[in-house]
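Structure file start-v1.pdb with PDB, N, CA and C atoms, pLDDT in the B column:
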```pdb
ATOM      1  N   MET A 260     -25.900 -13.335  -8.310  1.00 54.00           N
ATOM      2  CA  MET A 260     -26.582 -12.051  -8.206  1.00 54.00           C
ATOM      3  C   MET A 260     -25.686 -11.080  -7.426  1.00 54.00           C
ATOM      4  N   ALA A 261     -25.589  -9.871  -7.904  1.00 60.00           N
ATOM      5  CA  ALA A 261     -24.748  -8.866  -7.257  1.00 60.00           C
ATOM      6  C   ALA A 261     -25.373  -8.398  -5.943  1.00 60.00           C
ATOM      7  N   ALA A 262     -24.508  -8.124  -4.975  1.00 61.00           N
ATOM      8  CA  ALA A 262     -24.981  -7.624  -3.680  1.00 61.00           C
ATOM      9  C   ALA A 262     -25.400  -6.170  -3.819  1.00 61.00           C
ATOM     10  N   GLY A 263     -26.453  -5.817  -3.132  1.00 60.00           N
ATOM     11  CA  GLY A 263     -26.889  -4.430  -3.100  1.00 60.00           C
ATOM     12  C   GLY A 263     -26.101  -3.652  -2.058  1.00 60.00           C
ATOM     13  N   ILE A 264     -26.263  -2.354  -2.042  1.00 54.00           N
ATOM     14  CA  ILE A 264     -25.522  -1.499  -1.105  1.00 54.00           C
ATOM     15  C   ILE A 264     -25.822  -1.881   0.343  1.00 54.00           C
ATOM     16  N   LYS A 265     -27.059  -2.280   0.624  1.00 56.00           N
ATOM     17  CA  LYS A 265     -27.419  -2.654   2.001  1.00 56.00           C
ATOM     18  C   LYS A 265     -26.592  -3.852   2.469  1.00 56.00           C
ATOM     19  N   GLU A 266     -26.438  -4.857   1.612  1.00 60.00           N
ATOM     20  CA  GLU A 266     -25.646  -6.030   1.969  1.00 60.00           C
ATOM     21  C   GLU A 266     -24.168  -5.665   2.132  1.00 60.00           C
ATOM     22  N   LEU A 267     -23.660  -4.846   1.257  1.00 58.00           N
ATOM     23  CA  LEU A 267     -22.252  -4.457   1.329  1.00 58.00           C
ATOM     24  C   LEU A 267     -21.945  -3.664   2.592  1.00 58.00           C
ATOM     25  N   VAL A 268     -22.801  -2.731   2.927  1.00 59.00           N
ATOM     26  CA  VAL A 268     -22.567  -1.883   4.087  1.00 59.00           C
ATOM     27  C   VAL A 268     -22.775  -2.660   5.379  1.00 59.00           C
ATOM     28  N   SER A 269     -23.735  -3.553   5.409  1.00 60.00           N
ATOM     29  CA  SER A 269     -23.991  -4.284   6.641  1.00 60.00           C
ATOM     30  C   SER A 269     -22.977  -5.401   6.880  1.00 60.00           C
ATOM     31  N   ASN A 270     -22.204  -5.767   5.881  1.00 65.00           N
ATOM     32  CA  ASN A 270     -21.229  -6.846   6.012  1.00 65.00           C
ATOM     33  C   ASN A 270     -19.790  -6.340   5.923  1.00 65.00           C
ATOM     34  N   VAL A 271     -19.555  -5.150   6.381  1.00 72.00           N
ATOM     35  CA  VAL A 271     -18.213  -4.576   6.305  1.00 72.00           C
ATOM     36  C   VAL A 271     -17.308  -5.224   7.337  1.00 72.00           C
ATOM     37  N   GLU A 272     -16.152  -5.651   6.878  1.00 83.00           N
ATOM     38  CA  GLU A 272     -15.124  -6.198   7.774  1.00 83.00           C
ATOM     39  C   GLU A 272     -14.142  -5.054   8.029  1.00 83.00           C
ATOM     40  N   SER A 273     -13.765  -4.853   9.268  1.00 87.00           N
ATOM     41  CA  SER A 273     -12.823  -3.780   9.561  1.00 87.00           C
ATOM     42  C   SER A 273     -11.752  -4.260  10.526  1.00 87.00           C
ATOM     43  N   MET A 274     -10.666  -3.517  10.570  1.00 90.00           N
ATOM     44  CA  MET A 274      -9.568  -3.815  11.474  1.00 90.00           C
ATOM     45  C   MET A 274      -8.890  -2.514  11.850  1.00 90.00           C
ATOM     46  N   GLU A 275      -8.178  -2.522  12.958  1.00 93.00           N
ATOM     47  CA  GLU A 275      -7.422  -1.358  13.384  1.00 93.00           C
ATOM     48  C   GLU A 275      -6.098  -1.298  12.618  1.00 93.00           C
ATOM     49  N   TYR A 276      -5.588  -0.114  12.406  1.00 91.00           N
ATOM     50  CA  TYR A 276      -4.387   0.108  11.603  1.00 91.00           C
ATOM     51  C   TYR A 276      -3.155  -0.617  12.147  1.00 91.00           C
ATOM     52  N   ASP A 277      -3.119  -0.896  13.439  1.00 92.00           N
ATOM     53  CA  ASP A 277      -1.933  -1.510  14.024  1.00 92.00           C
ATOM     54  C   ASP A 277      -2.021  -3.033  14.132  1.00 92.00           C
ATOM     55  N   GLN A 278      -3.061  -3.620  13.548  1.00 90.00           N
ATOM     56  CA  GLN A 278      -3.183  -5.080  13.554  1.00 90.00           C
ATOM     57  C   GLN A 278      -2.386  -5.669  12.394  1.00 90.00           C
ATOM     58  N   SER A 279      -2.050  -6.934  12.516  1.00 85.00           N
ATOM     59  CA  SER A 279      -1.266  -7.630  11.501  1.00 85.00           C
ATOM     60  C   SER A 279      -2.019  -7.716  10.177  1.00 85.00           C
ATOM     61  N   LEU A 280      -1.283  -7.580   9.089  1.00 82.00           N
ATOM     62  CA  LEU A 280      -1.870  -7.684   7.756  1.00 82.00           C
ATOM     63  C   LEU A 280      -2.496  -9.054   7.521  1.00 82.00           C
ATOM     64  N   SER A 281      -2.041 -10.058   8.235  1.00 83.00           N
ATOM     65  CA  SER A 281      -2.587 -11.410   8.056  1.00 83.00           C
ATOM     66  C   SER A 281      -4.086 -11.453   8.384  1.00 83.00           C
ATOM     67  N   LYS A 282      -4.563 -10.577   9.256  1.00 84.00           N
ATOM     68  CA  LYS A 282      -6.003 -10.517   9.559  1.00 84.00           C
ATOM     69  C   LYS A 282      -6.783 -10.093   8.314  1.00 84.00           C
ATOM     70  N   ALA A 283      -6.279  -9.101   7.596  1.00 84.00           N
ATOM     71  CA  ALA A 283      -6.943  -8.654   6.364  1.00 84.00           C
ATOM     72  C   ALA A 283      -6.900  -9.742   5.301  1.00 84.00           C
ATOM     73  N   ILE A 284      -5.763 -10.421   5.183  1.00 82.00           N
ATOM     74  CA  ILE A 284      -5.635 -11.492   4.192  1.00 82.00           C
ATOM     75  C   ILE A 284      -6.634 -12.600   4.479  1.00 82.00           C
ATOM     76  N   SER A 285      -6.789 -12.964   5.743  1.00 84.00           N
ATOM     77  CA  SER A 285      -7.752 -13.996   6.132  1.00 84.00           C
ATOM     78  C   SER A 285      -9.174 -13.598   5.760  1.00 84.00           C
ATOM     79  N   ALA A 286      -9.527 -12.363   6.045  1.00 83.00           N
ATOM     80  CA  ALA A 286     -10.885 -11.889   5.743  1.00 83.00           C
ATOM     81  C   ALA A 286     -11.138 -11.889   4.243  1.00 83.00           C
ATOM     82  N   ILE A 287     -10.160 -11.468   3.462  1.00 82.00           N
ATOM     83  CA  ILE A 287     -10.321 -11.430   2.002  1.00 82.00           C
ATOM     84  C   ILE A 287     -10.388 -12.853   1.449  1.00 82.00           C
ATOM     85  N   ALA A 288      -9.624 -13.768   2.016  1.00 81.00           N
ATOM     86  CA  ALA A 288      -9.651 -15.158   1.561  1.00 81.00           C
ATOM     87  C   ALA A 288     -11.014 -15.803   1.819  1.00 81.00           C
ATOM     88  N   ARG A 289     -11.662 -15.426   2.930  1.00 81.00           N
ATOM     89  CA  ARG A 289     -12.994 -15.971   3.255  1.00 81.00           C
ATOM     90  C   ARG A 289     -14.062 -15.437   2.316  1.00 81.00           C
ATOM     91  N   GLN A 290     -13.914 -14.191   1.892  1.00 76.00           N
ATOM     92  CA  GLN A 290     -14.913 -13.561   1.031  1.00 76.00           C
ATOM     93  C   GLN A 290     -14.199 -12.866  -0.127  1.00 76.00           C
ATOM     94  N   PRO A 291     -13.827 -13.629  -1.166  1.00 65.00           N
ATOM     95  CA  PRO A 291     -13.129 -13.029  -2.306  1.00 65.00           C
ATOM     96  C   PRO A 291     -13.914 -11.851  -2.891  1.00 65.00           C
ATOM     97  N   ALA A 292     -13.185 -10.910  -3.442  1.00 64.00           N
ATOM     98  CA  ALA A 292     -13.742  -9.702  -4.053  1.00 64.00           C
ATOM     99  C   ALA A 292     -14.277  -8.720  -3.022  1.00 64.00           C
ATOM    100  N   HIS A 293     -13.955  -8.926  -1.760  1.00 75.00           N
ATOM    101  CA  HIS A 293     -14.315  -7.974  -0.715  1.00 75.00           C
ATOM    102  C   HIS A 293     -13.047  -7.332  -0.179  1.00 75.00           C
ATOM    103  N   GLY A 294     -13.207  -6.229   0.447  1.00 82.00           N
ATOM    104  CA  GLY A 294     -12.081  -5.546   1.061  1.00 82.00           C
ATOM    105  C   GLY A 294     -12.259  -5.450   2.559  1.00 82.00           C
ATOM    106  N   VAL A 295     -11.235  -4.937   3.196  1.00 87.00           N
ATOM    107  CA  VAL A 295     -11.250  -4.722   4.640  1.00 87.00           C
ATOM    108  C   VAL A 295     -10.985  -3.242   4.878  1.00 87.00           C
ATOM    109  N   VAL A 296     -11.855  -2.612   5.640  1.00 88.00           N
ATOM    110  CA  VAL A 296     -11.711  -1.210   5.976  1.00 88.00           C
ATOM    111  C   VAL A 296     -10.712  -1.103   7.135  1.00 88.00           C
ATOM    112  N   VAL A 297      -9.727  -0.237   6.991  1.00 89.00           N
ATOM    113  CA  VAL A 297      -8.709  -0.054   8.026  1.00 89.00           C
ATOM    114  C   VAL A 297      -9.012   1.252   8.763  1.00 89.00           C
ATOM    115  N   MET A 298      -9.146   1.136  10.087  1.00 90.00           N
ATOM    116  CA  MET A 298      -9.521   2.274  10.912  1.00 90.00           C
ATOM    117  C   MET A 298      -8.414   2.617  11.908  1.00 90.00           C
ATOM    118  N   ARG A 299      -8.384   3.856  12.303  1.00 92.00           N
ATOM    119  CA  ARG A 299      -7.550   4.313  13.424  1.00 92.00           C
ATOM    120  C   ARG A 299      -8.514   4.996  14.377  1.00 92.00           C
ATOM    121  N   GLY A 300      -9.018   4.200  15.330  1.00 90.00           N
ATOM    122  CA  GLY A 300     -10.096   4.712  16.186  1.00 90.00           C
ATOM    123  C   GLY A 300     -11.349   4.869  15.359  1.00 90.00           C
ATOM    124  N   LYS A 301     -11.842   6.093  15.253  1.00 86.00           N
ATOM    125  CA  LYS A 301     -13.033   6.359  14.449  1.00 86.00           C
ATOM    126  C   LYS A 301     -12.692   6.918  13.074  1.00 86.00           C
ATOM    127  N   ASP A 302     -11.398   7.056  12.776  1.00 90.00           N
ATOM    128  CA  ASP A 302     -10.970   7.617  11.495  1.00 90.00           C
ATOM    129  C   ASP A 302     -10.670   6.524  10.475  1.00 90.00           C
ATOM    130  N   LEU A 303     -11.139   6.707   9.259  1.00 88.00           N
ATOM    131  CA  LEU A 303     -10.851   5.790   8.166  1.00 88.00           C
ATOM    132  C   LEU A 303      -9.418   6.029   7.694  1.00 88.00           C
ATOM    133  N   VAL A 304      -8.615   4.981   7.669  1.00 90.00           N
ATOM    134  CA  VAL A 304      -7.230   5.083   7.211  1.00 90.00           C
ATOM    135  C   VAL A 304      -7.114   4.613   5.770  1.00 90.00           C
ATOM    136  N   GLY A 305      -7.858   3.559   5.413  1.00 87.00           N
ATOM    137  CA  GLY A 305      -7.798   3.036   4.051  1.00 87.00           C
ATOM    138  C   GLY A 305      -8.596   1.765   3.896  1.00 87.00           C
ATOM    139  N   VAL A 306      -8.424   1.154   2.737  1.00 86.00           N
ATOM    140  CA  VAL A 306      -9.106  -0.092   2.420  1.00 86.00           C
ATOM    141  C   VAL A 306      -8.079  -1.038   1.816  1.00 86.00           C
ATOM    142  N   VAL A 307      -8.069  -2.279   2.288  1.00 85.00           N
ATOM    143  CA  VAL A 307      -7.203  -3.312   1.728  1.00 85.00           C
ATOM    144  C   VAL A 307      -8.098  -4.289   0.986  1.00 85.00           C
ATOM    145  N   ASP A 308      -7.752  -4.595  -0.269  1.00 82.00           N
ATOM    146  CA  ASP A 308      -8.494  -5.607  -1.018  1.00 82.00           C
ATOM    147  C   ASP A 308      -7.513  -6.489  -1.771  1.00 82.00           C
ATOM    148  N   ASP A 309      -8.036  -7.433  -2.526  1.00 78.00           N
ATOM    149  CA  ASP A 309      -7.166  -8.383  -3.207  1.00 78.00           C
ATOM    150  C   ASP A 309      -6.211  -7.704  -4.184  1.00 78.00           C
ATOM    151  N   ARG A 310      -6.581  -6.575  -4.727  1.00 77.00           N
ATOM    152  CA  ARG A 310      -5.687  -5.863  -5.642  1.00 77.00           C
ATOM    153  C   ARG A 310      -4.446  -5.353  -4.920  1.00 77.00           C
ATOM    154  N   CYS A 311      -4.600  -4.953  -3.667  1.00 73.00           N
ATOM    155  CA  CYS A 311      -3.468  -4.479  -2.871  1.00 73.00           C
ATOM    156  C   CYS A 311      -2.490  -5.609  -2.558  1.00 73.00           C
ATOM    157  N   LEU A 312      -2.994  -6.821  -2.494  1.00 72.00           N
ATOM    158  CA  LEU A 312      -2.188  -7.954  -2.041  1.00 72.00           C
ATOM    159  C   LEU A 312      -1.522  -8.736  -3.170  1.00 72.00           C
ATOM    160  N   ARG A 313      -1.887  -8.466  -4.419  1.00 72.00           N
ATOM    161  CA  ARG A 313      -1.348  -9.231  -5.546  1.00 72.00           C
ATOM    162  C   ARG A 313       0.169  -9.265  -5.593  1.00 72.00           C
ATOM    163  N   ASP A 314       0.789  -8.120  -5.431  1.00 68.00           N
ATOM    164  CA  ASP A 314       2.243  -8.030  -5.561  1.00 68.00           C
ATOM    165  C   ASP A 314       2.949  -7.903  -4.217  1.00 68.00           C
ATOM    166  N   TYR A 315       2.267  -8.249  -3.139  1.00 68.00           N
ATOM    167  CA  TYR A 315       2.833  -8.126  -1.804  1.00 68.00           C
ATOM    168  C   TYR A 315       3.817  -9.265  -1.553  1.00 68.00           C
ATOM    169  N   ASN A 316       5.058  -8.931  -1.165  1.00 68.00           N
ATOM    170  CA  ASN A 316       6.096  -9.946  -1.010  1.00 68.00           C
ATOM    171  C   ASN A 316       6.686 -10.037   0.385  1.00 68.00           C
ATOM    172  N   ASP A 317       6.259  -9.220   1.326  1.00 68.00           N
ATOM    173  CA  ASP A 317       6.808  -9.243   2.678  1.00 68.00           C
ATOM    174  C   ASP A 317       6.086 -10.276   3.539  1.00 68.00           C
ATOM    175  N   ASP A 318       6.513 -10.404   4.782  1.00 69.00           N
ATOM    176  CA  ASP A 318       5.919 -11.346   5.742  1.00 69.00           C
ATOM    177  C   ASP A 318       4.644 -10.727   6.314  1.00 69.00           C
ATOM    178  N   ALA A 319       3.506 -11.289   5.962  1.00 62.00           N
ATOM    179  CA  ALA A 319       2.211 -10.733   6.389  1.00 62.00           C
ATOM    180  C   ALA A 319       1.974 -10.888   7.880  1.00 62.00           C
ATOM    181  N   THR A 320       2.653 -11.813   8.521  1.00 66.00           N
ATOM    182  CA  THR A 320       2.433 -12.016   9.954  1.00 66.00           C
ATOM    183  C   THR A 320       3.089 -10.927  10.792  1.00 66.00           C
ATOM    184  N   THR A 321       4.059 -10.233  10.223  1.00 66.00           N
ATOM    185  CA  THR A 321       4.741  -9.183  10.994  1.00 66.00           C
ATOM    186  C   THR A 321       4.455  -7.780  10.457  1.00 66.00           C
ATOM    187  N   THR A 322       3.832  -7.664   9.308  1.00 63.00           N
ATOM    188  CA  THR A 322       3.535  -6.358   8.720  1.00 63.00           C
ATOM    189  C   THR A 322       2.256  -5.796   9.287  1.00 63.00           C
ATOM    190  N   LYS A 323       2.302  -4.516   9.657  1.00 61.00           N
ATOM    191  CA  LYS A 323       1.108  -3.837  10.168  1.00 61.00           C
ATOM    192  C   LYS A 323       0.822  -2.648   9.300  1.00 61.00           C
TER     193      LYS A 323
END
```
Encoded form using structure tokens:
Amino acid sequence: MAAGIKELVSNVESMEYDQSLSKAISAIARQPAHGVVVMRGKDLVGVVDDRCLRDYNDDATTTK
């Protein structure tokens, strides 16, 4: 069954822009088909999801 907007909004995973990309990868691996909201303080910077990571070839532990 598809999640409703209430479930999606209440289960948002977020991270700060200067954190390692490996945190986003871990969150996406735990909940496939979900994304991670990237914030800079209170400002939305972007969203990382599995589509962003498909062709990623750098070291995720050092990339921010």
Problem - Coordinates-based distance that separates atom C of His293 (chain A) from atom N of Asp309 (chain A) (Å, one decimal) - result: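 Taking atom N of Asp309 (chain A) and atom C of His293 (chain A), their separation equals 5.5 Å.
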Practice task
Could you tell me how far CA of Val306 (chain A) lies from atom N of Gln290 (chain A), in Å and to one decimal?
Solution key: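 Distance reported for this atom pair: 14.9 Å.
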Exercise for the section: Rank A:Ser279, A:Ser285, A:Met274, A:Leu312 by their smallest atom-to-atom distance to Gly300 (chain A), using only N, CA and C atoms, and report the top residue only. Expected result: A:Met274
Problem - Selection under test: the PyMOL selection byres ((chain A and resi 294) around 8); residues as a PyMOL selection string - result: chain A and resi 271-273+283+286-287+290-293+295-297+306-309
Expected file: the selected residues, N, CA and C atoms, as an mmCIF file, in the coordinates of the input:
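Below you can see again39.cif, which holds the result:
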```
data_model
loop_
_atom_site.group_PDB
_atom_site.id
_atom_site.type_symbol
_atom_site.label_atom_id
_atom_site.label_comp_id
_atom_site.auth_asym_id
_atom_site.auth_seq_id
_atom_site.Cartn_x
_atom_site.Cartn_y
_atom_site.Cartn_z
ATOM 1 N N VAL A 271 -19.555 -5.150 6.381
ATOM 2 C CA VAL A 271 -18.213 -4.576 6.305
ATOM 3 C C VAL A 271 -17.308 -5.224 7.337
ATOM 4 N N GLU A 272 -16.152 -5.651 6.878
ATOM 5 C CA GLU A 272 -15.124 -6.198 7.774
ATOM 6 C C GLU A 272 -14.142 -5.054 8.029
ATOM 7 N N SER A 273 -13.765 -4.853 9.268
ATOM 8 C CA SER A 273 -12.823 -3.780 9.561
ATOM 9 C C SER A 273 -11.752 -4.260 10.526
ATOM 10 N N ALA A 283 -6.279 -9.101 7.596
ATOM 11 C CA ALA A 283 -6.943 -8.654 6.364
ATOM 12 C C ALA A 283 -6.900 -9.742 5.301
ATOM 13 N N ALA A 286 -9.527 -12.363 6.045
ATOM 14 C CA ALA A 286 -10.885 -11.889 5.743
ATOM 15 C C ALA A 286 -11.138 -11.889 4.243
ATOM 16 N N ILE A 287 -10.160 -11.468 3.462
ATOM 17 C CA ILE A 287 -10.321 -11.430 2.002
ATOM 18 C C ILE A 287 -10.388 -12.853 1.449
ATOM 19 N N GLN A 290 -13.914 -14.191 1.892
ATOM 20 C CA GLN A 290 -14.913 -13.561 1.031
ATOM 21 C C GLN A 290 -14.199 -12.866 -0.127
ATOM 22 N N PRO A 291 -13.827 -13.629 -1.166
ATOM 23 C CA PRO A 291 -13.129 -13.029 -2.306
ATOM 24 C C PRO A 291 -13.914 -11.851 -2.891
ATOM 25 N N ALA A 292 -13.185 -10.910 -3.442
ATOM 26 C CA ALA A 292 -13.742 -9.702 -4.053
ATOM 27 C C ALA A 292 -14.277 -8.720 -3.022
ATOM 28 N N HIS A 293 -13.955 -8.926 -1.760
ATOM 29 C CA HIS A 293 -14.315 -7.974 -0.715
ATOM 30 C C HIS A 293 -13.047 -7.332 -0.179
ATOM 31 N N VAL A 295 -11.235 -4.937 3.196
ATOM 32 C CA VAL A 295 -11.250 -4.722 4.640
ATOM 33 C C VAL A 295 -10.985 -3.242 4.878
ATOM 34 N N VAL A 296 -11.855 -2.612 5.640
ATOM 35 C CA VAL A 296 -11.711 -1.210 5.976
ATOM 36 C C VAL A 296 -10.712 -1.103 7.135
ATOM 37 N N VAL A 297 -9.727 -0.237 6.991
ATOM 38 C CA VAL A 297 -8.709 -0.054 8.026
ATOM 39 C C VAL A 297 -9.012 1.252 8.763
ATOM 40 N N VAL A 306 -8.424 1.154 2.737
ATOM 41 C CA VAL A 306 -9.106 -0.092 2.420
ATOM 42 C C VAL A 306 -8.079 -1.038 1.816
ATOM 43 N N VAL A 307 -8.069 -2.279 2.288
ATOM 44 C CA VAL A 307 -7.203 -3.312 1.728
ATOM 45 C C VAL A 307 -8.098 -4.289 0.986
ATOM 46 N N ASP A 308 -7.752 -4.595 -0.269
ATOM 47 C CA ASP A 308 -8.494 -5.607 -1.018
ATOM 48 C C ASP A 308 -7.513 -6.489 -1.771
ATOM 49 N N ASP A 309 -8.036 -7.433 -2.526
ATOM 50 C CA ASP A 309 -7.166 -8.383 -3.207
ATOM 51 C C ASP A 309 -6.211 -7.704 -4.184
#
```
Problem - Point-to-point distance from CA of Ala288 (chain A) to CA of Lys301 (chain A), Å rounded to tenths - result: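 These two atoms are separated by 25.3 Å.
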